[in-house]
Amino acid sequence: MKKLLFILLSFTLIILPANADNTGYLNLPFWNKFNDETLINNLMNVYQNNHDLKAAVIKVNEANRVVKMAFANELPHIGFDGYVGEIFNSSDEVFGDIRIPDYTEMHYLLPLTMNYEIDIWGENRLKTKSKQKQFEAVKEDERAAYIYITSAFAADYFNLIRTDKLIQYQKQQIDLQNQIIKAYETRYKLGTATLSDIENAQKNLTYAKEELQKLLEHQDTLKNQMSVLLSDKSFGDIQRTDFDKLNILITIPDSIKFEVLDNRPDRVKSELDLERIGIDVKVARRDLLPKFIISGNIGFNMYSISSPHNFLADLGIVPTWDLFMGGRKIQMLKLQKDKYDVAIEHYEKTILTSIQESNDALYSLKTAGKINSITNDRLKTDERELLRTEIRQDAGTADNLDLLLHKQRLLTSKMQTVSAKTNEIISGINLYQALGGADFTSAENL
């Protein structure tokens with residue numbers, strides 16, 4: 001009785017509709033730390049429209065249906081297996097002194113048939129549990145898709161903001177280079193510069209223009225990639241924040257607890273696969289044992305619809321045991337054991353990979369933070385040098401060309417600072433992804 005109640009309760013849980021609200025997979029509290037409402041709005045559009053995420057949800061539904069199909073094998077199977085036909089006897093039949101002439105008659109067999117395998121060894125229950133583990137593994141694939149796609153979009157988002165700013169600075173570089181060429185031409189007329197100085201300046205101008213075209217191409221490529229993630233068929237402009245308004249509130253941790261890695265989708269999935277294959281080994285072992293099937297019929301078996309003696313009912317237990325199958329079931333058991341050994345090795349490798357990827361991402365974030373600090377120090381030095389050059393120009397000890405060259409160096413430092421700051425942001429996103437979507441700034445993870 002308890003087993004029947006357990007089965008019915010499990011069936012109730014299985015037929016409940018799956019929760020389609022996966023906004024928790026987005027981990028919005030983490031992305032809110034970037035203090036960028038436009039980013040959050042874009043991520044919500046990705047959540048609602050991305051085709052890969054929709055496909056991941058459908059795959060979860062498919063896996064859920066497989067569980068329901070497996071559970072159906074634990075329940076009785078009731079069907080109708082009827083027969084209606086006419087019987088022809090073309091010759092006389094003799095039974096002693098009794099002669100039955102040739103005849104025809106109708107035969108009606110209208111039963112409901114029922115078959116139910118008594119799950120004495122729990123084999124069918126284990127098969128359902130195996131499919132349930134597979135379903136949970138597919139859920140981890142879905143979670144991994146959300147982490148990967150949202151991280152990829154955020155990285156493209158900040159790369160696009162960086163490219164916008166670099167294009168702005170690159171255009172200023174071209175304007176400065178044109179002024180530098182004119183300054184060299186003025187010096188050339190005064191005899192303080194050579195023709196080679198002018199040609200080198202002109203060559204630098206072509207390099208600057210080439211770099212601008214590369215940046216414009218990269219900008220267009222990023223927009224196209226983000227349109228695909230947004231499932232925007234119009235490939236229109238991407239809403240984004242200006243670089244100068246970025247306010248990054250994320251701090252760089254010194255270390256991360258290893259326990260955080262236990263929640264990585266690949267770690268959880270490999271553990272679920274290990275459990276599933278372990279269950280499959282038990283199924284293969286119990287498949288060697290005999291089975292007992294309750295079989296019954298209830299209905300009508302008659303030659304005339306009007307006959308009162310037509311009720312049919314039977315019920316019995318049918319034992320079955322495969323005594324010899326050429327060793328197929330033994331080999332199946334050994335095959336499942338081999339799969340289990342492979343799953344163990346895969347699980348161990350997944351643990352190592354998760355540690356390696358998280359360590360690499362954390363080290364990369366620390367390095368990016370240090371480089372960002374160094375480039376900011378260099379920027380301050382170039383700003384002081386430019387200020388001193390302006391003072392020297394006012395005093396008459398420096399000319400316009402000296403000032404332009406210092407402005408160019410300062411502009412180059414600003415561009416390097418833009419890249420360094422963005423690299424730090426993207427390194428933080430990479431660490432978030434390496435930790436399986438865990439907020440590495442949270443106190444409980446440090």
# chains A, B, ... in the order shown; residues from 1 in each chain; ligands from 1
>>> residues_around(residues="Met44 (chain A)", least_positions_apart="4", cutoff="12 Å", atoms="only C-alpha atoms", output="list in words")
Asn22, Thr23, Gly24, Tyr25, Leu26, Asn27, Leu28, Trp31, Glu37, Thr38, Leu39, Ile40, Gln48, Asn49, Asn50, Tyr146, Ile149, Thr150, Phe153, Ala154, Leu229 and Leu230 of chain A
>>> closest_atom_pairs(of="region 74-158 of chain A", to="region 411-431 of chain A", cutoff="8 Å", atoms="only C-alpha atoms", output="Markdown table")
| residue | atom | partner | partner_atom | distance |
| --- | --- | --- | --- | --- |
| A:Ser151 | CA | A:Ile429 | CA | 6.3 |
| A:Ala154 | CA | A:Ile429 | CA | 7.7 |
| A:Ala155 | CA | A:Ile426 | CA | 5.7 |
| A:Phe158 | CA | A:Thr422 | CA | 6.6 |
>>> residues_around(residues="region 269-272 of chain A", least_positions_apart="4", cutoff="7 Å", atoms="only C-alpha atoms", output="short mmCIF file (atom, residue, chain, number, x, y, z; two decimals) with all heavy atoms, in the first residue's frame")
data_model
loop_
_atom_site.label_atom_id
_atom_site.label_comp_id
_atom_site.auth_asym_id
_atom_site.auth_seq_id
_atom_site.Cartn_x
_atom_site.Cartn_y
_atom_site.Cartn_z
N LYS A 133 17.24 11.40 -13.53
CA LYS A 133 18.60 11.95 -13.47
C LYS A 133 19.00 12.56 -14.81
O LYS A 133 19.65 13.61 -14.85
CB LYS A 133 19.60 10.85 -13.09
CG LYS A 133 19.44 10.29 -11.69
CD LYS A 133 19.72 11.34 -10.64
CE LYS A 133 19.57 10.78 -9.24
NZ LYS A 133 19.82 11.80 -8.19
N ALA A 137 20.02 16.44 -15.60
CA ALA A 137 21.23 16.80 -16.34
C ALA A 137 20.92 17.77 -17.48
O ALA A 137 21.68 18.71 -17.74
CB ALA A 137 21.91 15.54 -16.87
N GLU A 140 20.64 21.17 -16.23
CA GLU A 140 21.95 21.81 -16.06
C GLU A 140 22.48 22.34 -17.39
O GLU A 140 23.13 23.39 -17.43
CB GLU A 140 22.95 20.83 -15.43
CG GLU A 140 22.64 20.47 -13.99
CD GLU A 140 22.55 21.69 -13.10
OE1 GLU A 140 23.45 22.56 -13.18
OE2 GLU A 140 21.58 21.79 -12.31
N PRO A 265 27.51 24.15 -13.71
CA PRO A 265 26.64 23.22 -14.43
C PRO A 265 27.33 21.94 -14.88
O PRO A 265 26.75 20.86 -14.78
CB PRO A 265 26.16 24.05 -15.63
CG PRO A 265 26.22 25.45 -15.18
CD PRO A 265 27.42 25.51 -14.27
N ARG A 276 23.26 8.46 -12.65
CA ARG A 276 22.37 7.80 -13.62
C ARG A 276 22.95 6.48 -14.09
O ARG A 276 22.25 5.45 -14.15
CB ARG A 276 22.13 8.73 -14.81
CG ARG A 276 21.29 8.09 -15.93
CD ARG A 276 21.13 9.05 -17.09
NE ARG A 276 22.41 9.44 -17.66
CZ ARG A 276 23.10 8.73 -18.53
NH1 ARG A 276 22.64 7.54 -18.93
NH2 ARG A 276 24.24 9.17 -19.01
N TYR A 347 34.10 12.57 -14.39
CA TYR A 347 33.77 13.39 -13.22
C TYR A 347 35.04 13.97 -12.59
O TYR A 347 35.09 15.16 -12.25
CB TYR A 347 33.01 12.53 -12.21
CG TYR A 347 32.70 13.23 -10.91
CD1 TYR A 347 31.76 14.25 -10.86
CD2 TYR A 347 33.34 12.86 -9.73
CE1 TYR A 347 31.47 14.90 -9.67
CE2 TYR A 347 33.05 13.51 -8.54
CZ TYR A 347 32.12 14.52 -8.50
OH TYR A 347 31.83 15.16 -7.33
#
>>> select_by_dssp(residues="region 13-171 of chain A", states="alpha helix (DSSP H)", output="PyMOL selection string")
chain A and resi 13-15+28-31+37-49+51-72+123-171
>>> select_by_dssp(residues="region 66-305 of chain A", states="strand (DSSP E or B)", output="ChimeraX atom specification")
/A:77-80,83-89,93-95,98-100,103-118,291-302
>>> residues_around(residues="region 201-213 of chain A", least_positions_apart="3", cutoff="7 Å", atoms="only C-alpha atoms", output="PyMOL selection string")
chain A and resi 167+170+174+177+181+197-198+216-217
>>> atom_distance(atom1="CA of Phe292 (chain A)", atom2="CA of Arg65 (chain A)")
27.0 Å
>>> closest_residue(among="A:Ile293, A:Ile147, A:Leu352, A:Leu126", to="Gly436 (chain A)", atoms="only C-alpha atoms")
A:Ile147
>>> residues_around(residues="region 379-384 of chain A", least_positions_apart="2", cutoff="8 Å", atoms="only C-alpha atoms", output="list of chain:residue names")
A:Thr375, A:Asn376, A:Asp377, A:Leu386, A:Leu387, A:Arg388, A:His406, A:Arg409, A:Leu410, A:Ser413, A:Lys414, A:Thr417
>>> closest_residue(among="A:Asp81, A:Asp266, A:Asp399, A:Asp338", to="Ile351 (chain A)", atoms="only C-alpha atoms")
A:Asp266
>>> residues_around(residues="Met302 (chain A)", least_positions_apart="6", cutoff="7 Å", atoms="only C-alpha atoms", output="JSON, numbers by chain")
{"A": [107, 108, 109, 310]}
>>> write_last_selection(atoms="all heavy atoms", output="short mmCIF file (atom, residue, chain, number, x, y, z; two decimals), in the first residue's frame")
data_model
loop_
_atom_site.label_atom_id
_atom_site.label_comp_id
_atom_site.auth_asym_id
_atom_site.auth_seq_id
_atom_site.Cartn_x
_atom_site.Cartn_y
_atom_site.Cartn_z
N HIS A 107 -18.17 -14.89 -35.14
CA HIS A 107 -17.48 -15.04 -33.85
C HIS A 107 -17.12 -13.64 -33.36
O HIS A 107 -16.49 -12.85 -34.07
CB HIS A 107 -16.22 -15.89 -34.00
CG HIS A 107 -15.51 -16.12 -32.70
ND1 HIS A 107 -14.19 -16.48 -32.63
CD2 HIS A 107 -15.94 -16.05 -31.41
CE1 HIS A 107 -13.84 -16.62 -31.37
NE2 HIS A 107 -14.89 -16.35 -30.61
N TYR A 108 -17.51 -13.34 -32.13
CA TYR A 108 -17.24 -12.04 -31.52
C TYR A 108 -16.36 -12.25 -30.29
O TYR A 108 -16.74 -12.96 -29.36
CB TYR A 108 -18.54 -11.35 -31.09
CG TYR A 108 -19.53 -11.17 -32.21
CD1 TYR A 108 -20.51 -12.14 -32.46
CD2 TYR A 108 -19.50 -10.05 -33.01
CE1 TYR A 108 -21.42 -11.98 -33.48
CE2 TYR A 108 -20.41 -9.88 -34.03
CZ TYR A 108 -21.37 -10.84 -34.27
OH TYR A 108 -22.26 -10.68 -35.27
N LEU A 109 -15.17 -11.60 -30.30
CA LEU A 109 -14.28 -11.62 -29.14
C LEU A 109 -14.01 -10.16 -28.77
O LEU A 109 -13.30 -9.45 -29.49
CB LEU A 109 -12.98 -12.36 -29.46
CG LEU A 109 -11.95 -12.46 -28.33
CD1 LEU A 109 -12.53 -13.22 -27.14
CD2 LEU A 109 -10.68 -13.13 -28.81
N ASN A 310 -22.04 -15.38 -22.65
CA ASN A 310 -20.96 -14.81 -23.46
C ASN A 310 -19.92 -14.06 -22.62
O ASN A 310 -19.00 -13.47 -23.16
CB ASN A 310 -21.55 -13.87 -24.51
CG ASN A 310 -22.47 -12.82 -23.89
OD1 ASN A 310 -22.34 -12.48 -22.72
ND2 ASN A 310 -23.41 -12.33 -24.69
#
